[in-house]
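Asks: Sharing a structure, written as C-alpha cells. Questions coming.
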Amino acid sequence: MIIRKLFSFEASHIVRNCSSERCKYSLHGHSFKVELFLEASRLDAGQMVYDFGLLKGPLRDLFDSFDHAFLFWNRDQKEFQDSVKKFSRRWISLPVSPTAEQLSRVLFLLADAVLRNTRRVNGDGAAKVHSVILHETATGYARCFRKDAVGRSMGRIPLKSVVFSDGIKADWPDPSTWDKLLARRPFVSPVPEKQVS
Ligand SMILES: [Zn+2]
C-alpha cells in the first residue's frame with residue numbers, strides 16, 4: 001500500500017547548461033510542490049502505513065529549508081556563489097544542478113535518510129520511501145524512484161555535500177537536526193499510549 005503526503009515551498013534557482021535561455025542565465029523562482037509517497041506491506045499498531053504526524057518533525061523541517069531559499073550547484077562560478085552567500089540569508093548549496101530531476105532525487109534521499117534514522121516505536125518499521133514527485137510548475141514535474149536516487153547511472157549524491165546556510169539552520173526547531181542525521185544519531189518518536197489492546 002502507498003500513502004502520499006503533500007509539501008510545498010517557494011524557491012529560486014538558476015539552471016546551468018540547459019537549453020532554455022531563460023533558465024540558464026536568469027535567477028528565477030517557482031512554487032514547488034512535493035508529493036512524498038511511502039509504502040509498506042503491513043500496517044503499524046495504529047493500522048496505518050505511517051502516521052502523518054511523524055512527518056512533522058525533522059522531515060518537515062528539512063523540506064521547509066527549501067522555502068524562500070536560493071538553490072545552487074556547488075560547481076557554479078565561485079564569484080557567483082560568494083555573492084549569494086553574502087547577500088542572501090537562506091541558500092542551499094547542492095552537489096548537483098537544482099533541476100526538478102535532481103531536486104526530486106535530493107528530496108528522496110533526505111526523506112529516506114530521516115526515515116531510516118527514526119527509531120520506530122509503533123510497529124511502523126516496514127514503511128519506506130516509495131517515490132518523490134517534485135512539481136516545478138503547474139504542468140511539469142519529475143518523479144524519483146529508489147533506483148533513480150541511489151543508483152549510479154545518474155551519479156551519486158552524497159548527503160554530506162548538501163550545505164544548508166546558517167540562516168536556514170537557525171529556523172529549525174533543533175539547529176542540530178542536520179548534524180544528527182549525518183552522524184546517524186537517531187530521531188526518537190514518543191511511544192504512543194495504546195487505547196485498544
Ligand atoms: Zn526554473
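Labels used: A, B, ... for chains in the order of the C-alpha cells, numbers from 1 for residues in each chain, and numbers from 1 for ligands as shown.
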At a cut-off of 7 Å, using only C-alpha atoms, what residues contact region 31-48 of chain A? Leave out same-chain residues fewer than 2 positions from it and give the result as a list in words.
Replies: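 My list of contacting residues is Met1, Ile2, Ile3, Arg4, Lys5, Leu6, Phe7, Ser8, Phe9, Glu10, Ala11, Tyr50, Asp51, Asn122, Gly123, Asp124, Ala126, Ala127, Lys128, Val129, His130, Ser131, Val132, Ile133, Leu134, His135, Glu136 and Thr137 of chain A.
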Asks: Residues of region 6-141 of chain A in helix (DSSP H, G or I) according to DSSP, as a ChimeraX atom specification?
Replies: /A:21-25,52-56,58-64,78-87,100-116
Asks: Please, which residues in region 75-136 of chain A fall within 10 Å of region 182-185 of chain A when counting only C-alpha atoms, and what is the closest atom pair and distance in Å to one decimal for each, ordered by chain then residue number, as a Markdown table?
Replies:
```
| residue | atom | partner | partner_atom | distance |
| --- | --- | --- | --- | --- |
| A:Ala113 | CA | A:Leu182 | CA | 8.8 |
| A:Val114 | CA | A:Arg184 | CA | 9.3 |
| A:Arg116 | CA | A:Arg184 | CA | 9.0 |
| A:Asn117 | CA | A:Arg184 | CA | 6.2 |
| A:Thr118 | CA | A:Arg185 | CA | 9.0 |
| A:Arg119 | CA | A:Arg185 | CA | 9.9 |
```
Asks: Around ligand 1, which protein and nucleic acid residues have at least one atom no more than 10 Å from it, if we count only C-alpha atoms and all ligand atoms? List them as a list in words.
Replies: Ala11, Ser12, His13, Ile14, Val15, Ser20, Arg22, Cys23, Lys24, Ser26, Leu27, His28, Gly29, His30, Ser31, Phe32, Pro98, Thr99, Ala100, Glu136 and Thr137 of chain A
Asks: With only C-alpha atoms as the atoms that count, which of A:Phe87, A:Val121, A:Leu54, A:Arg16 lies nearest to Lys194 (chain A)?
Replies: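 Under the stated criterion, the closest residue is A:Val121.
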Asks: Going by DSSP on the backbone, which bits of region 23-187 of chain A are strand (DSSP E)? Write them as JSON, numbers by chain, please.
Replies: {"A": [28, 29, 30, 31, 32, 33, 34, 35, 36, 37, 38, 39, 69, 70, 71, 72, 73, 91, 92, 93, 94, 118, 119, 128, 129, 130, 131, 132, 133, 134, 135, 141, 142, 143, 144, 145, 163, 164, 187]}
Asks: Leaving out Pro95 (chain A) and any residue of its chain fewer than 2 positions from it, which residues lie within 6 Å of it when counting only C-alpha atoms, given as JSON, numbers by chain?
Replies: {"A": [73, 74, 161]}
Asks: For Gly155 (chain A), which residue among A:Leu103, A:Val96, A:Ala111, A:Cys18 is the nearest when counting only C-alpha atoms?
Replies: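 Among the listed residues, A:Val96 lies closest to Gly155 (chain A).
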Asks: When distances are computed from only C-alpha atoms, which of A:Arg105, A:Arg75, A:Arg146, A:His68 shows the smallest separation from Arg90 (chain A)?
Replies: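 Nearest candidate to Arg90 (chain A) out of A:Arg105, A:Arg75, A:Arg146, A:His68: A:His68.
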Asks: Restricting the calculation to only C-alpha atoms: of A:Trp91, A:Phe63, A:Tyr141, A:Phe70, which residue gets closest to Leu107 (chain A)?
Replies: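 The closest residue to Leu107 (chain A) is A:Phe63.
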